[in-house]
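Undergrad: My questions will all concern the structure given below.
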Amino acid sequence: MTGVPASARGGTGRPAPGGKLGAAAVNQASLWNIANILTMVRLVLVPAFVLLMLQDGGYDPAWRAWAWAAFAVAMITDVFDGHLARTYNLVTDFGKIADPIADKAIMAAGLICLSALGDLPWWVTGVILFRELGITLMRFWVIRHGVIPASRGGKMKTLAQGTAVGMYVLALTGALATLRFWVMALAVVLTVITGLDYVRQAIVLRRRGLAAERAAAGQQ
């Protein structure tokens, strides 16, 4: 007795590929692909980054450098996991949910830590987090009508945010400290502009979707 139903076994007594057990094994294996592993690494790096950032009161340059390293690795994995998932057909339900959560979590952790330490005004953190949370909610609002693809402006926003937060994490002085102020200013401007553009696109997409639904209902 193998404990496997006859409908799920091949002639050799092993589970057939089309059986439920075989399907479950395939789904389980697909979860542990390189793209998902990178996403998991990014999730683990969030608490690690916070601990490093707040060591010795949060102002020790050495600990801040280690925190920057954790933040940098997290941002790098953000670049690669989505690309790998799309290129090698490694997209999974877990990745669809965990990837945006990991993205928002590491950025939120950096901004909140910097504001809590007095390095970054709270209004800057508020504007960026409000935009990211609002756009995430708006995705659910229009998801049944379609998906708005990532724009060039959105990618520039992400790059500017990551660069600015990374520069603020490091204990910079002089010209570099001035430069990071302007990089953060650029990030805030791009955050607002791309956020407003996303709202516009979402409204247009929803209107078109509702119009198409009404037209289809009228033909029935």
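Identifiers in this document derive from the order of the structure tokens: chains are assigned A, B, ..., residues are numbered from 1 separately in each chain, and ligands are numbered from 1 in order of occurrence.
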Give me the residues within 10 Å of segment 102-110 of chain A as an NGL selection string, counting only C-alpha atoms and dropping any in the same chain fewer than 2 places off.

TA: :A and (39-47 or 49-50 or 53 or 67-68 or 70-71 or 74-75 or 77-78 or 95 or 97-100 or 112-116 or 125-126 or 128-129 or 132-133 or 136 or 158 or 161-162 or 165-166 or 168-169)

Undergrad: Tell me, in Å to one decimal, how far atom CA of Thr173 of chain A is from atom CA of Leu159 of chain A.

TA: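 Separation of atom CA of Thr173 of chain A and atom CA of Leu159 of chain A: 22.0 Å.
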
Undergrad: Enumerate the residues of segment 117-210 of chain A with a DSSP assignment of alpha helix (DSSP H), computed from the backbone, and present them as a PDB file with N, CA, C and O atoms, in the first residue's frame.

TA:
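File produced: selection.pdb:
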ATOM      1  N   TRP A 122       9.623  64.833   9.350  1.00  0.00           N
ATOM      2  CA  TRP A 122       8.534  63.866   9.313  1.00  0.00           C
ATOM      3  C   TRP A 122       7.605  64.099   8.123  1.00  0.00           C
ATOM      4  O   TRP A 122       6.991  63.157   7.619  1.00  0.00           O
ATOM      5  N   TRP A 123       7.507  65.361   7.658  1.00  0.00           N
ATOM      6  CA  TRP A 123       6.592  65.609   6.546  1.00  0.00           C
ATOM      7  C   TRP A 123       7.073  64.916   5.265  1.00  0.00           C
ATOM      8  O   TRP A 123       6.253  64.501   4.443  1.00  0.00           O
ATOM      9  N   VAL A 124       8.393  64.807   5.122  1.00  0.00           N
ATOM     10  CA  VAL A 124       8.937  64.101   3.955  1.00  0.00           C
ATOM     11  C   VAL A 124       8.548  62.623   4.018  1.00  0.00           C
ATOM     12  O   VAL A 124       8.067  62.044   3.031  1.00  0.00           O
ATOM     13  N   THR A 125       8.756  62.027   5.188  1.00  0.00           N
ATOM     14  CA  THR A 125       8.361  60.631   5.373  1.00  0.00           C
ATOM     15  C   THR A 125       6.866  60.461   5.140  1.00  0.00           C
ATOM     16  O   THR A 125       6.429  59.499   4.487  1.00  0.00           O
ATOM     17  N   GLY A 126       6.076  61.397   5.653  1.00  0.00           N
ATOM     18  CA  GLY A 126       4.627  61.322   5.491  1.00  0.00           C
ATOM     19  C   GLY A 126       4.192  61.391   4.042  1.00  0.00           C
ATOM     20  O   GLY A 126       3.322  60.616   3.606  1.00  0.00           O
ATOM     21  N   VAL A 127       4.778  62.303   3.276  1.00  0.00           N
ATOM     22  CA  VAL A 127       4.410  62.451   1.865  1.00  0.00           C
ATOM     23  C   VAL A 127       4.715  61.174   1.092  1.00  0.00           C
ATOM     24  O   VAL A 127       3.877  60.674   0.319  1.00  0.00           O
ATOM     25  N   ILE A 128       5.905  60.619   1.288  1.00  0.00           N
ATOM     26  CA  ILE A 128       6.308  59.431   0.537  1.00  0.00           C
ATOM     27  C   ILE A 128       5.462  58.224   0.929  1.00  0.00           C
ATOM     28  O   ILE A 128       4.959  57.485   0.060  1.00  0.00           O
ATOM     29  N   LEU A 129       5.270  58.019   2.236  1.00  0.00           N
ATOM     30  CA  LEU A 129       4.499  56.853   2.668  1.00  0.00           C
ATOM     31  C   LEU A 129       3.026  56.982   2.304  1.00  0.00           C
ATOM     32  O   LEU A 129       2.379  55.983   1.958  1.00  0.00           O
ATOM     33  N   PHE A 130       2.492  58.192   2.368  1.00  0.00           N
ATOM     34  CA  PHE A 130       1.094  58.401   1.973  1.00  0.00           C
ATOM     35  C   PHE A 130       0.908  58.072   0.498  1.00  0.00           C
ATOM     36  O   PHE A 130      -0.072  57.442   0.111  1.00  0.00           O
ATOM     37  N   ARG A 131       1.855  58.501  -0.297  1.00  0.00           N
ATOM     38  CA  ARG A 131       1.778  58.206  -1.738  1.00  0.00           C
ATOM     39  C   ARG A 131       1.837  56.708  -1.992  1.00  0.00           C
ATOM     40  O   ARG A 131       1.029  56.160  -2.754  1.00  0.00           O
ATOM     41  N   GLU A 132       2.794  56.024  -1.352  1.00  0.00           N
ATOM     42  CA  GLU A 132       2.966  54.591  -1.607  1.00  0.00           C
ATOM     43  C   GLU A 132       1.750  53.808  -1.136  1.00  0.00           C
ATOM     44  O   GLU A 132       1.276  52.905  -1.838  1.00  0.00           O
ATOM     45  N   LEU A 133       1.227  54.143   0.055  1.00  0.00           N
ATOM     46  CA  LEU A 133       0.051  53.440   0.560  1.00  0.00           C
ATOM     47  C   LEU A 133      -1.170  53.753  -0.302  1.00  0.00           C
ATOM     48  O   LEU A 133      -1.961  52.851  -0.626  1.00  0.00           O
ATOM     49  N   GLY A 134      -1.320  55.015  -0.685  1.00  0.00           N
ATOM     50  CA  GLY A 134      -2.468  55.396  -1.500  1.00  0.00           C
ATOM     51  C   GLY A 134      -2.472  54.702  -2.846  1.00  0.00           C
ATOM     52  O   GLY A 134      -3.530  54.227  -3.313  1.00  0.00           O
ATOM     53  N   ILE A 135      -1.320  54.615  -3.482  1.00  0.00           N
ATOM     54  CA  ILE A 135      -1.242  53.959  -4.789  1.00  0.00           C
ATOM     55  C   ILE A 135      -1.509  52.463  -4.655  1.00  0.00           C
ATOM     56  O   ILE A 135      -2.155  51.856  -5.517  1.00  0.00           O
ATOM     57  N   THR A 136      -1.027  51.861  -3.574  1.00  0.00           N
ATOM     58  CA  THR A 136      -1.294  50.433  -3.348  1.00  0.00           C
ATOM     59  C   THR A 136      -2.788  50.179  -3.222  1.00  0.00           C
ATOM     60  O   THR A 136      -3.329  49.236  -3.825  1.00  0.00           O
ATOM     61  N   LEU A 137      -3.487  51.017  -2.462  1.00  0.00           N
ATOM     62  CA  LEU A 137      -4.932  50.873  -2.315  1.00  0.00           C
ATOM     63  C   LEU A 137      -5.645  51.120  -3.644  1.00  0.00           C
ATOM     64  O   LEU A 137      -6.636  50.456  -3.973  1.00  0.00           O
ATOM     65  N   MET A 138      -5.124  52.060  -4.419  1.00  0.00           N
ATOM     66  CA  MET A 138      -5.747  52.362  -5.700  1.00  0.00           C
ATOM     67  C   MET A 138      -5.589  51.208  -6.683  1.00  0.00           C
ATOM     68  O   MET A 138      -6.450  50.983  -7.537  1.00  0.00           O
ATOM     69  N   ARG A 139      -4.504  50.455  -6.562  1.00  0.00           N
ATOM     70  CA  ARG A 139      -4.331  49.287  -7.418  1.00  0.00           C
ATOM     71  C   ARG A 139      -5.492  48.304  -7.213  1.00  0.00           C
ATOM     72  O   ARG A 139      -6.001  47.721  -8.171  1.00  0.00           O
ATOM     73  N   PHE A 140      -5.875  48.109  -5.951  1.00  0.00           N
ATOM     74  CA  PHE A 140      -6.996  47.213  -5.668  1.00  0.00           C
ATOM     75  C   PHE A 140      -8.307  47.809  -6.184  1.00  0.00           C
ATOM     76  O   PHE A 140      -9.232  47.077  -6.543  1.00  0.00           O
ATOM     77  N   TRP A 141      -8.398  49.131  -6.197  1.00  0.00           N
ATOM     78  CA  TRP A 141      -9.613  49.811  -6.640  1.00  0.00           C
ATOM     79  C   TRP A 141      -9.892  49.572  -8.125  1.00  0.00           C
ATOM     80  O   TRP A 141     -11.036  49.475  -8.550  1.00  0.00           O
ATOM     81  N   VAL A 142      -8.814  49.486  -8.918  1.00  0.00           N
ATOM     82  CA  VAL A 142      -8.987  49.365 -10.375  1.00  0.00           C
ATOM     83  C   VAL A 142      -8.550  48.017 -10.925  1.00  0.00           C
ATOM     84  O   VAL A 142      -8.565  47.821 -12.135  1.00  0.00           O
ATOM     85  N   ARG A 152       8.228  55.153 -16.777  1.00  0.00           N
ATOM     86  CA  ARG A 152       9.616  55.583 -16.620  1.00  0.00           C
ATOM     87  C   ARG A 152       9.750  56.520 -15.429  1.00  0.00           C
ATOM     88  O   ARG A 152      10.722  56.465 -14.683  1.00  0.00           O
ATOM     89  N   GLY A 153       8.733  57.370 -15.248  1.00  0.00           N
ATOM     90  CA  GLY A 153       8.751  58.269 -14.098  1.00  0.00           C
ATOM     91  C   GLY A 153       8.710  57.518 -12.789  1.00  0.00           C
ATOM     92  O   GLY A 153       9.375  57.891 -11.828  1.00  0.00           O
ATOM     93  N   GLY A 154       7.925  56.431 -12.742  1.00  0.00           N
ATOM     94  CA  GLY A 154       7.855  55.625 -11.540  1.00  0.00           C
ATOM     95  C   GLY A 154       9.186  54.962 -11.218  1.00  0.00           C
ATOM     96  O   GLY A 154       9.589  54.879 -10.054  1.00  0.00           O
ATOM     97  N   LYS A 155       9.869  54.493 -12.260  1.00  0.00           N
ATOM     98  CA  LYS A 155      11.181  53.882 -12.039  1.00  0.00           C
ATOM     99  C   LYS A 155      12.201  54.917 -11.570  1.00  0.00           C
ATOM    100  O   LYS A 155      13.046  54.636 -10.709  1.00  0.00           O
ATOM    101  N   MET A 156      12.116  56.134 -12.130  1.00  0.00           N
ATOM    102  CA  MET A 156      13.009  57.207 -11.683  1.00  0.00           C
ATOM    103  C   MET A 156      12.717  57.576 -10.234  1.00  0.00           C
ATOM    104  O   MET A 156      13.628  57.863  -9.454  1.00  0.00           O
ATOM    105  N   LYS A 157      11.437  57.572  -9.864  1.00  0.00           N
ATOM    106  CA  LYS A 157      11.049  57.863  -8.483  1.00  0.00           C
ATOM    107  C   LYS A 157      11.655  56.856  -7.525  1.00  0.00           C
ATOM    108  O   LYS A 157      12.213  57.222  -6.490  1.00  0.00           O
ATOM    109  N   THR A 158      11.549  55.572  -7.880  1.00  0.00           N
ATOM    110  CA  THR A 158      12.098  54.520  -7.026  1.00  0.00           C
ATOM    111  C   THR A 158      13.607  54.663  -6.880  1.00  0.00           C
ATOM    112  O   THR A 158      14.158  54.520  -5.779  1.00  0.00           O
ATOM    113  N   LEU A 159      14.286  54.962  -7.986  1.00  0.00           N
ATOM    114  CA  LEU A 159      15.738  55.139  -7.942  1.00  0.00           C
ATOM    115  C   LEU A 159      16.115  56.336  -7.086  1.00  0.00           C
ATOM    116  O   LEU A 159      17.048  56.265  -6.268  1.00  0.00           O
ATOM    117  N   ALA A 160      15.391  57.439  -7.242  1.00  0.00           N
ATOM    118  CA  ALA A 160      15.686  58.645  -6.468  1.00  0.00           C
ATOM    119  C   ALA A 160      15.436  58.411  -4.978  1.00  0.00           C
ATOM    120  O   ALA A 160      16.241  58.825  -4.131  1.00  0.00           O
ATOM    121  N   GLN A 161      14.339  57.744  -4.656  1.00  0.00           N
ATOM    122  CA  GLN A 161      14.049  57.463  -3.257  1.00  0.00           C
ATOM    123  C   GLN A 161      15.131  56.589  -2.631  1.00  0.00           C
ATOM    124  O   GLN A 161      15.618  56.876  -1.532  1.00  0.00           O
ATOM    125  N   GLY A 162      15.482  55.510  -3.323  1.00  0.00           N
ATOM    126  CA  GLY A 162      16.488  54.604  -2.793  1.00  0.00           C
ATOM    127  C   GLY A 162      17.833  55.278  -2.616  1.00  0.00           C
ATOM    128  O   GLY A 162      18.512  55.079  -1.598  1.00  0.00           O
ATOM    129  N   THR A 163      18.224  56.089  -3.608  1.00  0.00           N
ATOM    130  CA  THR A 163      19.508  56.801  -3.514  1.00  0.00           C
ATOM    131  C   THR A 163      19.492  57.802  -2.376  1.00  0.00           C
ATOM    132  O   THR A 163      20.462  57.901  -1.592  1.00  0.00           O
ATOM    133  N   ALA A 164      18.405  58.555  -2.253  1.00  0.00           N
ATOM    134  CA  ALA A 164      18.311  59.590  -1.218  1.00  0.00           C
ATOM    135  C   ALA A 164      18.331  58.979   0.180  1.00  0.00           C
ATOM    136  O   ALA A 164      19.079  59.434   1.060  1.00  0.00           O
ATOM    137  N   VAL A 165      17.512  57.960   0.393  1.00  0.00           N
ATOM    138  CA  VAL A 165      17.479  57.323   1.715  1.00  0.00           C
ATOM    139  C   VAL A 165      18.837  56.707   2.041  1.00  0.00           C
ATOM    140  O   VAL A 165      19.334  56.831   3.170  1.00  0.00           O
ATOM    141  N   GLY A 166      19.455  56.059   1.061  1.00  0.00           N
ATOM    142  CA  GLY A 166      20.775  55.483   1.282  1.00  0.00           C
ATOM    143  C   GLY A 166      21.802  56.530   1.678  1.00  0.00           C
ATOM    144  O   GLY A 166      22.634  56.302   2.564  1.00  0.00           O
ATOM    145  N   MET A 167      21.744  57.702   1.045  1.00  0.00           N
ATOM    146  CA  MET A 167      22.687  58.767   1.382  1.00  0.00           C
ATOM    147  C   MET A 167      22.426  59.321   2.777  1.00  0.00           C
ATOM    148  O   MET A 167      23.358  59.697   3.498  1.00  0.00           O
ATOM    149  N   TYR A 168      21.155  59.368   3.179  1.00  0.00           N
ATOM    150  CA  TYR A 168      20.835  59.852   4.525  1.00  0.00           C
ATOM    151  C   TYR A 168      21.215  58.836   5.596  1.00  0.00           C
ATOM    152  O   TYR A 168      21.519  59.210   6.730  1.00  0.00           O
ATOM    153  N   VAL A 169      21.194  57.572   5.260  1.00  0.00           N
ATOM    154  CA  VAL A 169      21.596  56.546   6.222  1.00  0.00           C
ATOM    155  C   VAL A 169      23.071  56.692   6.566  1.00  0.00           C
ATOM    156  O   VAL A 169      23.474  56.553   7.732  1.00  0.00           O
ATOM    157  N   GLY A 174      29.586  67.849   4.810  1.00  0.00           N
ATOM    158  CA  GLY A 174      30.092  68.720   3.754  1.00  0.00           C
ATOM    159  C   GLY A 174      29.247  68.695   2.503  1.00  0.00           C
ATOM    160  O   GLY A 174      28.014  68.696   2.547  1.00  0.00           O
ATOM    161  N   ALA A 175      29.921  68.650   1.363  1.00  0.00           N
ATOM    162  CA  ALA A 175      29.245  68.723   0.069  1.00  0.00           C
ATOM    163  C   ALA A 175      28.305  67.534  -0.151  1.00  0.00           C
ATOM    164  O   ALA A 175      27.240  67.682  -0.749  1.00  0.00           O
ATOM    165  N   LEU A 176      28.688  66.354   0.325  1.00  0.00           N
ATOM    166  CA  LEU A 176      27.838  65.171   0.145  1.00  0.00           C
ATOM    167  C   LEU A 176      26.543  65.303   0.940  1.00  0.00           C
ATOM    168  O   LEU A 176      25.482  64.855   0.491  1.00  0.00           O
ATOM    169  N   ALA A 177      26.624  65.920   2.118  1.00  0.00           N
ATOM    170  CA  ALA A 177      25.412  66.151   2.909  1.00  0.00           C
ATOM    171  C   ALA A 177      24.485  67.121   2.183  1.00  0.00           C
ATOM    172  O   ALA A 177      23.256  66.970   2.221  1.00  0.00           O
ATOM    173  N   THR A 178      25.057  68.121   1.517  1.00  0.00           N
ATOM    174  CA  THR A 178      24.248  69.060   0.729  1.00  0.00           C
ATOM    175  C   THR A 178      23.638  68.360  -0.472  1.00  0.00           C
ATOM    176  O   THR A 178      22.468  68.574  -0.811  1.00  0.00           O
ATOM    177  N   LEU A 179      24.440  67.507  -1.117  1.00  0.00           N
ATOM    178  CA  LEU A 179      23.953  66.785  -2.287  1.00  0.00           C
ATOM    179  C   LEU A 179      22.771  65.889  -1.938  1.00  0.00           C
ATOM    180  O   LEU A 179      21.791  65.823  -2.692  1.00  0.00           O
ATOM    181  N   ARG A 180      22.851  65.211  -0.797  1.00  0.00           N
ATOM    182  CA  ARG A 180      21.763  64.304  -0.438  1.00  0.00           C
ATOM    183  C   ARG A 180      20.465  65.058  -0.193  1.00  0.00           C
ATOM    184  O   ARG A 180      19.377  64.520  -0.421  1.00  0.00           O
ATOM    185  N   PHE A 181      20.555  66.310   0.271  1.00  0.00           N
ATOM    186  CA  PHE A 181      19.354  67.131   0.451  1.00  0.00           C
ATOM    187  C   PHE A 181      18.641  67.320  -0.888  1.00  0.00           C
ATOM    188  O   PHE A 181      17.415  67.185  -0.984  1.00  0.00           O
ATOM    189  N   TRP A 182      19.401  67.634  -1.922  1.00  0.00           N
ATOM    190  CA  TRP A 182      18.805  67.874  -3.236  1.00  0.00           C
ATOM    191  C   TRP A 182      18.313  66.588  -3.876  1.00  0.00           C
ATOM    192  O   TRP A 182      17.317  66.593  -4.616  1.00  0.00           O
ATOM    193  N   VAL A 183      18.993  65.472  -3.619  1.00  0.00           N
ATOM    194  CA  VAL A 183      18.515  64.183  -4.130  1.00  0.00           C
ATOM    195  C   VAL A 183      17.182  63.830  -3.480  1.00  0.00           C
ATOM    196  O   VAL A 183      16.249  63.353  -4.146  1.00  0.00           O
ATOM    197  N   MET A 184      17.066  64.075  -2.176  1.00  0.00           N
ATOM    198  CA  MET A 184      15.805  63.820  -1.492  1.00  0.00           C
ATOM    199  C   MET A 184      14.713  64.753  -1.998  1.00  0.00           C
ATOM    200  O   MET A 184      13.547  64.341  -2.157  1.00  0.00           O
ATOM    201  N   ALA A 185      15.067  66.019  -2.268  1.00  0.00           N
ATOM    202  CA  ALA A 185      14.092  66.961  -2.818  1.00  0.00           C
ATOM    203  C   ALA A 185      13.574  66.460  -4.167  1.00  0.00           C
ATOM    204  O   ALA A 185      12.363  66.515  -4.446  1.00  0.00           O
ATOM    205  N   LEU A 186      14.488  65.950  -5.007  1.00  0.00           N
ATOM    206  CA  LEU A 186      14.083  65.382  -6.298  1.00  0.00           C
ATOM    207  C   LEU A 186      13.169  64.184  -6.096  1.00  0.00           C
ATOM    208  O   LEU A 186      12.166  64.024  -6.810  1.00  0.00           O
ATOM    209  N   ALA A 187      13.500  63.348  -5.110  1.00  0.00           N
ATOM    210  CA  ALA A 187      12.683  62.164  -4.836  1.00  0.00           C
ATOM    211  C   ALA A 187      11.266  62.558  -4.421  1.00  0.00           C
ATOM    212  O   ALA A 187      10.287  61.935  -4.851  1.00  0.00           O
ATOM    213  N   VAL A 188      11.147  63.597  -3.598  1.00  0.00           N
ATOM    214  CA  VAL A 188       9.826  64.045  -3.143  1.00  0.00           C
ATOM    215  C   VAL A 188       9.020  64.586  -4.326  1.00  0.00           C
ATOM    216  O   VAL A 188       7.828  64.287  -4.474  1.00  0.00           O
ATOM    217  N   VAL A 189       9.666  65.375  -5.182  1.00  0.00           N
ATOM    218  CA  VAL A 189       8.975  65.930  -6.356  1.00  0.00           C
ATOM    219  C   VAL A 189       8.490  64.808  -7.271  1.00  0.00           C
ATOM    220  O   VAL A 189       7.332  64.809  -7.719  1.00  0.00           O
ATOM    221  N   LEU A 190       9.359  63.848  -7.558  1.00  0.00           N
ATOM    222  CA  LEU A 190       8.961  62.719  -8.409  1.00  0.00           C
ATOM    223  C   LEU A 190       7.868  61.880  -7.758  1.00  0.00           C
ATOM    224  O   LEU A 190       6.980  61.364  -8.439  1.00  0.00           O
ATOM    225  N   THR A 191       7.931  61.758  -6.437  1.00  0.00           N
ATOM    226  CA  THR A 191       6.910  61.006  -5.711  1.00  0.00           C
ATOM    227  C   THR A 191       5.536  61.628  -5.912  1.00  0.00           C
ATOM    228  O   THR A 191       4.549  60.937  -6.193  1.00  0.00           O
ATOM    229  N   VAL A 192       5.460  62.946  -5.778  1.00  0.00           N
ATOM    230  CA  VAL A 192       4.184  63.647  -5.920  1.00  0.00           C
ATOM    231  C   VAL A 192       3.697  63.608  -7.370  1.00  0.00           C
ATOM    232  O   VAL A 192       2.531  63.286  -7.643  1.00  0.00           O
ATOM    233  N   ILE A 193       4.586  63.916  -8.319  1.00  0.00           N
ATOM    234  CA  ILE A 193       4.188  63.979  -9.727  1.00  0.00           C
ATOM    235  C   ILE A 193       3.723  62.616 -10.231  1.00  0.00           C
ATOM    236  O   ILE A 193       2.662  62.496 -10.867  1.00  0.00           O
ATOM    237  N   THR A 194       4.495  61.575  -9.960  1.00  0.00           N
ATOM    238  CA  THR A 194       4.115  60.243 -10.435  1.00  0.00           C
ATOM    239  C   THR A 194       2.861  59.744  -9.721  1.00  0.00           C
ATOM    240  O   THR A 194       2.060  59.010 -10.302  1.00  0.00           O
ATOM    241  N   GLY A 195       2.696  60.146  -8.467  1.00  0.00           N
ATOM    242  CA  GLY A 195       1.489  59.764  -7.747  1.00  0.00           C
ATOM    243  C   GLY A 195       0.247  60.369  -8.366  1.00  0.00           C
ATOM    244  O   GLY A 195      -0.772  59.687  -8.564  1.00  0.00           O
ATOM    245  N   LEU A 196       0.310  61.649  -8.709  1.00  0.00           N
ATOM    246  CA  LEU A 196      -0.821  62.309  -9.350  1.00  0.00           C
ATOM    247  C   LEU A 196      -1.101  61.700 -10.725  1.00  0.00           C
ATOM    248  O   LEU A 196      -2.263  61.535 -11.117  1.00  0.00           O
ATOM    249  N   ASP A 197      -0.045  61.365 -11.458  1.00  0.00           N
ATOM    250  CA  ASP A 197      -0.230  60.751 -12.772  1.00  0.00           C
ATOM    251  C   ASP A 197      -0.876  59.379 -12.637  1.00  0.00           C
ATOM    252  O   ASP A 197      -1.712  58.999 -13.465  1.00  0.00           O
ATOM    253  N   TYR A 198      -0.491  58.644 -11.610  1.00  0.00           N
ATOM    254  CA  TYR A 198      -1.078  57.325 -11.392  1.00  0.00           C
ATOM    255  C   TYR A 198      -2.570  57.461 -11.076  1.00  0.00           C
ATOM    256  O   TYR A 198      -3.386  56.667 -11.560  1.00  0.00           O
ATOM    257  N   VAL A 199      -2.928  58.466 -10.269  1.00  0.00           N
ATOM    258  CA  VAL A 199      -4.343  58.697  -9.955  1.00  0.00           C
ATOM    259  C   VAL A 199      -5.118  58.992 -11.238  1.00  0.00           C
ATOM    260  O   VAL A 199      -6.215  58.465 -11.462  1.00  0.00           O
ATOM    261  N   ARG A 200      -4.539  59.821 -12.102  1.00  0.00           N
ATOM    262  CA  ARG A 200      -5.195  60.149 -13.369  1.00  0.00           C
ATOM    263  C   ARG A 200      -5.416  58.900 -14.208  1.00  0.00           C
ATOM    264  O   ARG A 200      -6.517  58.668 -14.739  1.00  0.00           O
ATOM    265  N   GLN A 201      -4.369  58.088 -14.341  1.00  0.00           N
ATOM    266  CA  GLN A 201      -4.484  56.873 -15.143  1.00  0.00           C
ATOM    267  C   GLN A 201      -5.501  55.902 -14.543  1.00  0.00           C
ATOM    268  O   GLN A 201      -6.251  55.237 -15.274  1.00  0.00           O
ATOM    269  N   ALA A 202      -5.524  55.813 -13.217  1.00  0.00           N
ATOM    270  CA  ALA A 202      -6.459  54.901 -12.559  1.00  0.00           C
ATOM    271  C   ALA A 202      -7.898  55.329 -12.804  1.00  0.00           C
ATOM    272  O   ALA A 202      -8.773  54.489 -13.053  1.00  0.00           O
ATOM    273  N   ILE A 203      -8.159  56.636 -12.730  1.00  0.00           N
ATOM    274  CA  ILE A 203      -9.519  57.132 -12.974  1.00  0.00           C
ATOM    275  C   ILE A 203      -9.945  56.859 -14.406  1.00  0.00           C
ATOM    276  O   ILE A 203     -11.071  56.410 -14.666  1.00  0.00           O
ATOM    277  N   VAL A 204      -9.042  57.120 -15.357  1.00  0.00           N
ATOM    278  CA  VAL A 204      -9.351  56.862 -16.765  1.00  0.00           C
ATOM    279  C   VAL A 204      -9.609  55.378 -16.989  1.00  0.00           C
ATOM    280  O   VAL A 204     -10.574  54.985 -17.680  1.00  0.00           O
ATOM    281  N   LEU A 205      -8.773  54.519 -16.417  1.00  0.00           N
ATOM    282  CA  LEU A 205      -8.916  53.076 -16.582  1.00  0.00           C
ATOM    283  C   LEU A 205     -10.245  52.592 -16.001  1.00  0.00           C
ATOM    284  O   LEU A 205     -10.950  51.784 -16.612  1.00  0.00           O
ATOM    285  N   ARG A 206     -10.619  53.112 -14.843  1.00  0.00           N
ATOM    286  CA  ARG A 206     -11.861  52.690 -14.212  1.00  0.00           C
ATOM    287  C   ARG A 206     -13.067  53.159 -15.027  1.00  0.00           C
ATOM    288  O   ARG A 206     -14.037  52.415 -15.193  1.00  0.00           O
ATOM    289  N   ARG A 207     -13.014  54.383 -15.538  1.00  0.00           N
ATOM    290  CA  ARG A 207     -14.126  54.885 -16.355  1.00  0.00           C
ATOM    291  C   ARG A 207     -14.306  54.036 -17.608  1.00  0.00           C
ATOM    292  O   ARG A 207     -15.429  53.693 -17.986  1.00  0.00           O
ATOM    293  N   ARG A 208     -13.188  53.693 -18.253  1.00  0.00           N
ATOM    294  CA  ARG A 208     -13.272  52.859 -19.448  1.00  0.00           C
ATOM    295  C   ARG A 208     -13.812  51.480 -19.114  1.00  0.00           C
ATOM    296  O   ARG A 208     -14.601  50.906 -19.863  1.00  0.00           O
ATOM    297  N   GLY A 209     -13.366  50.928 -17.984  1.00  0.00           N
ATOM    298  CA  GLY A 209     -13.835  49.627 -17.583  1.00  0.00           C
ATOM    299  C   GLY A 209     -15.325  49.617 -17.295  1.00  0.00           C
ATOM    300  O   GLY A 209     -16.047  48.692 -17.711  1.00  0.00           O
ATOM    301  N   LEU A 210     -15.805  50.640 -16.599  1.00  0.00           N
ATOM    302  CA  LEU A 210     -17.240  50.716 -16.288  1.00  0.00           C
ATOM    303  C   LEU A 210     -18.056  50.918 -17.558  1.00  0.00           C
ATOM    304  O   LEU A 210     -19.147  50.348 -17.704  1.00  0.00           O
TER     305      LEU A 210
END

Undergrad: Quick one: of A:Glu213, A:Leu38, A:Ala69, A:Gln219, who's nearest to Arg144 of chain A, counting only C-alpha atoms?

TA: A:Glu213

Undergrad: From the list A:Asn36, A:Leu120, A:Pro61, A:Ala171, which residue is nearest Asp93 of chain A when using only C-alpha atoms?

TA: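 The shortest atom-to-atom distance to Asp93 of chain A comes from A:Asn36.
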